[in-house]
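Colleague: Let me begin by handing over the structure; questions about it come next.
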Amino acid sequence: MHDMSAPAVHHHAPPTSFIRKHVFSLDHKVIGKQYYDMALVAAIIGMILSWIMRIHLAWTNAAIPGLQLLSKTGAPGGVLTPEYYLQLMTMHGTIMVFFVLTTAPFAAFGNFFLPIQVGAEDMPFPHFNMMSFWVTFTGFIVLLASFFVSDGPTLGGWTQYAPLNAVGAIAGPGQGMGVILWMASIALFCVGQLLGSLNFIPTTLDLRTKGMSLMRLPLTTWAWFITSCMGLTAFAVLMPACILAILDHVAGTSFFVPSNLVISDQLQQHSGGSTLLWQHLFWFFGHPEVYIAIIPGIGIVSHILITNMRRPLLSHRVIIYSMGALAVLSYMVYGHHMFVSGMNPYSALAFSFPTLIITIPATIIVLIQIFSLYGSKLRINSASLFALGFISMFVSGGVSGFFLAQPSIDIMLHATYFVVGHFHMVMAVAAMFGIFAGTYFWAPKMFGRMMNETLGKIHFWLSFVGAYCIFMPFHYLGIVGNVRRYSVFVDDYLQPLLPVHKFITVAALLTGAAQAIFLYNLIHTRFWGKPASDNPWEGTSLEWSTTTPPPFDNWGGKLPVVYHDPYQYGVESSVGDYVMQASPEQVKTENDEQ
Amino acid sequence: MAKLFAVTIIVIAIASAIPIIMHTWSAPEDISIHGPIIDDQMSETMAEAGIAFLAAQFVLAIFIWMFAKPNPGGKIKKFPGGATGLVIGAFLIVGIEVLALGVFGAKVWADVYLSPPGANAMPVQVQAGQFAFYFRYPGPDGKFAAIHPNLIDESTENFFGIDTTNDPDAKDDIVTAEFAIPVNKEIHLLMHSKDLGHSFYVRELRVHQDFVPGLDVSLHFTATKIGKYEIVCTQLCGLGHYNMKAYLEVMSQDDFDKWLKQQAAAQ
Amino acid sequence: MATTIHEPPQIDHPHTDDFSNGGGRNLIPADGDLRLTIDHSPPPTSSAIWVVVFAVSMMFAAFTSALFVRKGSSLDWQSFSLPSILYFTTLVLIASSVTLEIARRRITAFMRGFQTGVENPARWLYVTLFLGLVFVAGQYVAWLQLRAEGLYLATNPSSSFFYLLTVTHALHVLGGLGGIIYILSKLHRGILRRNQLVASARYWHFMDVLWIYLLLLLLMKL
């Protein structure tokens, strides 16, 4: 590109065989796409499961054609049984949280773009990186395998509370083999993500190219770096918890199962375990997990907005520090999931304050994103629409956190649809919007082809309006006291709410169907889309400095050298209103380092 | 496109707020002594969260409306005050809001959970199991017989596993499937789980507490209104979870005494 | 001082390890003068080994907190005395750390060209490998002894935690042994890099410290 580039020394040669190129590849870009495709498959499965659940909730006795093929006992004649509803619900939550929301924004985009954005040729330990994907993939297969064991997947919910998770098949369908497979799957997933962190952290710290100081890293890189640090802590705690649960289940130990349990008139042999121990271990992972899902989204959305606003955010550092604050605080707040769990009431108060305080960094991030729009030259395209939609969703889901952070109000709202609405908006839909924005924005670089903008905009409108129609009413249901995880609303009290459930179901079916537009657009683009130029969005960060798609070593033998802060927009340069990080051109910029 | 988007955001924000403002769906009327402060805290939070929600969506929409311009000319402007102003604003406004909510919320929580039951509170034990609640009144001696898990037998209706042959305390224990209490009398509810995690949730009573297997927890409350209310389990406990419930009957003291006599006779 | 006869194996730049976190030093000033920059980043292996140490620490922290909660909340905890062979294996593990440190220093000196033969430091690595295997064998003997006393995994929470902690630790020690074998093979092929040696040594010392921590924990809490 220019003379000052340092010669690159690649530590492994490009593969030639199909298997080493596309299956057991060491190339971070291929691994990133593998993660993306796995997340896509997982998202489709998870969404179909949510359709089945929604249909059952609105029309309890409706036969869903073909469902009996999945389980003869769970859905005789296509009509869900209450236990199979819970089993599908557990799988929906597990697949979505672990294999979509964690893998797509973090592992998929992170793998593809983190090394490119820091100016490296690859991750430092490509073999571990390959293992990271294949271990995660094995975890996914193990989880799906539980559909096909005799009494189906576990019904314990994605939180798998003790002692239901450890007492065995006597507690209900799926609590035998199903729960063992669940635990094994999640333990494998944890190993896979730890291997991912093992690569992400040294890449960010040590493989930055010349001139790429920490504060010159784009916000996406910061987000992935912070997320990988969180994953390191969270997954390293969930994995031992899963091991303990498996031991309780198969080896007869009593870590989580207390004495004197009588299940189905049979006295259990376990003694002395602590059920709250599981909750503490789980939520020590579980709350940071929420931020593991959303912080990459914050980074991606900031990155995309900046490019489309043609200006940097009001402050680069404040966003980084706020994301760091979210990460640190997320470990101090996990107890807010346990306000009514029987935990010491004083601990509830101790967990309440950090939970309220965590809204401050979140507010700062949102305010900076919104107020950076002021005076900008906003370009509207599919990517920026989804990025703006992310902000709207993040705000809507975020404000309901004010309620759930307070133990006294949580008395009313705990385990109701209010909670379901809250986390679906702030974590699921917002993170999905981040994934969509990232896909429209980066497809040119990942696949070498442009996504269809018209289809992208139609997809956005249907998803945005649809998501509000689905998840806003959840809050109203929760305020009335509609309990979650019920397969049927048998009592008189909840009967008047059925029309709301029907409305939600129709909205969910339509919004889900709209995702077919995205799927078509994605597949069509990958094979037949319009070829993309190197820098279609006039971006500044390093991924736009290399060719489209990037060569095997990302830089064609010459590492780039970085001269500028990541987001030098709104300047006058030879190429337009921006100057790229790797361009030695000297321009007068607003944010020059002193 | 941008203007349509801005309008959509505003329409969605207002449409979302209308059912809340109109109280289209609201929590059932409170029947407890401690409930009103929870309700107050709830509506206060609703007001603050609602204002934050509407303000953020409106500002987002207005900025999109104003600044989505594809034309390349013109200079980038900066919001007056920049990031510093926003950070200070966030700390001040959100910080004060959060602190206020936290302090008042803590007080509410303390009133509900950190106060001991009164000396005259009537003890009742509730046992949760897959998928039913059973209630036990100590009878005239005021003592609950000890629970022997190995004696629990659904077929003989010994739900609590009490030793009726040897235990003198067991003679007058009254076990029922419905939860009757006298109005305006403080109840001290002792919660015991037979098998798994369950929860005790009465919406009208503003009471919600998990059963912890292996650990007996208790709570206390006073109901102020006669009527029949639903008790539901909110902790996923297996295939019959959706159907695990019982009824709370709040009666006058006379009715309650009569009811208890009937139940004692039926044991 | 002996004169250098052999060409030493591939030598890392001497101050490679002196910048453990110095990507930030690569800053190019706004006028783009490359001469002011340092020409390398630290090897990622050094940060990676801290990542591993941190993850393993978190895992044992989770086990430790589980032990505290489990012991505090129950009445069925039965203490038993640790098999005395554990004190022997502790000494073996500490000795192996010492031999590894000797090996590391000698190899480092060799790589810098101060020393001539590579066989001598390799021998110390073999000693370390042997001591590591003795440690694992000793742990195995301890499990056999407990089994002979009728203490199985599920007998009591105390024995559950004993097996859990010692087995998990032993598996991580086996991983460390794999690391030493890796270092040995690289050393013999003359392609060892110093940061790989340093990383393996750090991991091994960490296993040592972790074991002493676990021993104290078991002594006080079991």
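Each chain in the structure tokens gets a letter, A, B, ..., in the order shown, and its residues are numbered from 1; ligands are numbered from 1 in order too.
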Please identify every residue of chain A that has at least one atom no farther than 6 Å from an atom of chain C, counting only C-alpha atoms, and for each give the shortest atom pair and the distance in Å to one decimal, arranged by chain then increasing number, as a tab-separated table.
Modeller:
```
residue	atom	partner	partner_atom	distance
A:Leu198	CA	C:Ala48	CA	5.9
A:Pro202	CA	C:Pro44	CA	5.2
A:Asp206	CA	C:Pro44	CA	5.5
A:Lys210	CA	C:Asn26	CA	5.3
A:Gly211	CA	C:Leu27	CA	4.1
A:Ser213	CA	C:Gly24	CA	4.5
A:Leu214	CA	C:Gly24	CA	5.9
A:Leu232	CA	C:Ala55	CA	5.9
A:Ala236	CA	C:Met59	CA	5.2
A:Val237	CA	C:Met59	CA	5.4
A:Gly252	CA	C:Ala154	CA	5.4
A:Thr253	CA	C:Ala154	CA	4.4
A:Gly272	CA	C:Ser74	CA	5.1
```
Colleague: Which parts of range 35-240 of chain B does DSSP call alpha helix (DSSP H) when run on the backbone here, written out as a PyMOL selection string?
Modeller: chain B and resi 35-67+82-89+95-113
Colleague: To one decimal in Å, tell me the separation between CA of Gly139 in chain A and CA of Phe98 in chain A.
Modeller: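 Between CA of Gly139 in chain A and CA of Phe98 in chain A the gap is 10.1 Å.
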Colleague: Hey, which of B:Ile93, B:Val126, B:Ala145, B:Ala223 ends up closest to chain A? Count only C-alpha atoms.
Modeller: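 Of all the options, B:Ile93 lies closest to chain A.
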Colleague: Nearest residue to Gly557 in chain A out of A:Val142, A:Ala120, A:Met425, A:Ile95, using only C-alpha atoms?
Modeller: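 Going through A:Val142, A:Ala120, A:Met425, A:Ile95 one by one, the smallest distance to Gly557 in chain A is for A:Ala120.
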Colleague: What is the CA of Trp25 in chain B-CA of Pro473 in chain A distance in Å, reported with one decimal?
Modeller: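 Computing it gives 9.8 Å between the two atoms.
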Colleague: Could you list, as number ranges by chain, every residue within 7 Å of Gly32 in chain A, counting only C-alpha atoms and ignoring same-chain residues fewer than 3 positions away?
Modeller: A: 28-29, 35-36, 107-109, 111-112
Colleague: Taking 5 positions as the minimum chain separation for residues in the same chain, which residues sit within 10 Å of Met46 in chain B when counting only C-alpha atoms? Answer as a list in words.
Modeller: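 Neighbouring residues, sequence-local ones excluded: Val399, Ser400, Phe402 and Phe403 of chain A; Ile20, Ile21, Asp40, Gln41, Ile51 and Ala52 of chain B.
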Colleague: Take the selection from the previous step and output its residues with N, CA, C and O atoms, as a short mmCIF file (atom, residue, chain, number, x, y, z; two decimals), in the first residue's frame.
Modeller:
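Just written: selection_7.cif:
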```cif
data_model
loop_
_atom_site.label_atom_id
_atom_site.label_comp_id
_atom_site.auth_asym_id
_atom_site.auth_seq_id
_atom_site.Cartn_x
_atom_site.Cartn_y
_atom_site.Cartn_z
N VAL A 399 -34.85 0.56 30.45
CA VAL A 399 -35.59 1.26 31.51
C VAL A 399 -36.36 0.27 32.39
O VAL A 399 -36.58 0.54 33.57
N SER A 400 -36.75 -0.88 31.83
CA SER A 400 -37.46 -1.82 32.72
C SER A 400 -36.50 -2.43 33.73
O SER A 400 -36.93 -3.03 34.71
N PHE A 402 -34.85 -0.65 35.72
CA PHE A 402 -35.07 0.13 36.94
C PHE A 402 -35.98 -0.61 37.92
O PHE A 402 -35.84 -0.52 39.13
N PHE A 403 -36.97 -1.31 37.36
CA PHE A 403 -37.94 -2.01 38.20
C PHE A 403 -37.29 -3.22 38.85
O PHE A 403 -37.36 -3.43 40.06
N ILE B 20 -49.94 1.99 29.80
CA ILE B 20 -49.45 2.22 31.16
C ILE B 20 -50.18 3.42 31.76
O ILE B 20 -50.69 3.37 32.89
N ILE B 21 -50.28 4.53 30.98
CA ILE B 21 -50.92 5.73 31.50
C ILE B 21 -52.41 5.48 31.74
O ILE B 21 -52.98 5.93 32.73
N ASP B 40 -46.63 2.18 45.85
CA ASP B 40 -46.12 3.55 45.68
C ASP B 40 -44.77 3.53 44.99
O ASP B 40 -44.51 4.30 44.06
N GLN B 41 -43.91 2.65 45.49
CA GLN B 41 -42.58 2.55 44.91
C GLN B 41 -42.67 2.19 43.43
O GLN B 41 -41.95 2.72 42.60
N ILE B 51 -40.57 8.53 31.96
CA ILE B 51 -40.03 9.80 31.46
C ILE B 51 -38.70 9.54 30.74
O ILE B 51 -38.46 10.03 29.63
N ALA B 52 -37.84 8.71 31.36
CA ALA B 52 -36.56 8.41 30.73
C ALA B 52 -36.78 7.76 29.38
O ALA B 52 -36.11 8.10 28.39
#
```
Colleague: At a cut-off of 9 Å, using only C-alpha atoms, what residues contact Gly240 in chain B? Leave out same-chain residues fewer than 3 positions from it and give the result as a PyMOL selection string.
Modeller: (chain A and resi 82-83) or (chain B and resi 130-131+237+243-244)
Colleague: Pick out the residues sitting within 8 Å of Phe221 in chain B, and hand them over as a ChimeraX atom specification; count only C-alpha atoms, and ignore anything fewer than 2 positions along from it in its own chain.
Modeller: /B:32-34,186-188,219,223
Colleague: For the selection you just gave me, I'd like the residues written to a file as an mmCIF file, in the first residue's frame, keeping N, CA and C atoms.
Modeller:
```
data_model
loop_
_atom_site.group_PDB
_atom_site.id
_atom_site.type_symbol
_atom_site.label_atom_id
_atom_site.label_comp_id
_atom_site.auth_asym_id
_atom_site.auth_seq_id
_atom_site.Cartn_x
_atom_site.Cartn_y
_atom_site.Cartn_z
ATOM 1 N N SER B 32 -52.967 -6.202 51.354
ATOM 2 C CA SER B 32 -52.085 -6.435 52.500
ATOM 3 C C SER B 32 -51.731 -5.117 53.158
ATOM 4 N N ILE B 33 -51.175 -5.222 54.355
ATOM 5 C CA ILE B 33 -50.778 -4.006 55.064
ATOM 6 C C ILE B 33 -49.500 -3.432 54.480
ATOM 7 N N HIS B 34 -48.581 -4.333 54.072
ATOM 8 C CA HIS B 34 -47.305 -3.831 53.556
ATOM 9 C C HIS B 34 -47.389 -3.460 52.077
ATOM 10 N N GLU B 186 -52.037 -10.993 61.796
ATOM 11 C CA GLU B 186 -50.726 -11.245 61.211
ATOM 12 C C GLU B 186 -50.460 -12.745 61.134
ATOM 13 N N ILE B 187 -49.998 -13.169 59.967
ATOM 14 C CA ILE B 187 -49.701 -14.578 59.749
ATOM 15 C C ILE B 187 -48.194 -14.741 59.656
ATOM 16 N N HIS B 188 -47.676 -15.733 60.338
ATOM 17 C CA HIS B 188 -46.259 -16.060 60.221
ATOM 18 C C HIS B 188 -46.171 -17.362 59.437
ATOM 19 N N LEU B 219 -41.996 -16.003 56.263
ATOM 20 C CA LEU B 219 -42.344 -14.611 56.036
ATOM 21 C C LEU B 219 -43.627 -14.305 56.790
ATOM 22 N N ALA B 223 -53.413 -9.807 55.949
ATOM 23 C CA ALA B 223 -54.363 -9.535 54.879
ATOM 24 C C ALA B 223 -55.479 -8.663 55.434
#
```
Colleague: Between CA of Met393 in chain A and CA of Leu54 in chain B, what is the spacing in Å?
Modeller: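 Computed distance, CA of Leu54 in chain B to CA of Met393 in chain A, equals 12.4 Å.
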Colleague: Which residues are near Trp528 in chain A? Cut-off 9 Å, only C-alpha atoms, ignore same chain within fewer than 4 positions. Put them as a list in words.
Modeller: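 The filter keeps Arg449, Ile523 and His524 of chain A.
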Colleague: Which residue out of A:Ala508, A:Ala104, A:Ala169, A:Val465 has the minimum interatomic distance to Ser150 in chain A when only C-alpha atoms are used?
Modeller: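 Ranked by minimum distance to Ser150 in chain A, first place goes to A:Ala169.
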Colleague: Which residue gives the smallest distance to Val262 in chain A among B:Phe5, B:Phe144, B:Phe159, B:Phe91, with only C-alpha atoms counted?
Modeller: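 Closest to Val262 in chain A of all the choices is B:Phe159.
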Colleague: Check the smallest atom-to-atom distance from each of B:Leu151, B:Ala68, B:Val98, B:Leu215 to chain C using only C-alpha atoms, then report the winner.
Modeller: B:Leu215
Colleague: Go through C:Pro121, C:Tyr140, C:Thr166, C:Ile181 one by one, measure the shortest atom-to-atom distance of each to Ile212 in chain C using only C-alpha atoms, and give the residue with the smallest value.
Modeller: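 Using only C-alpha atoms, Ile212 in chain C sits closest to C:Thr166.
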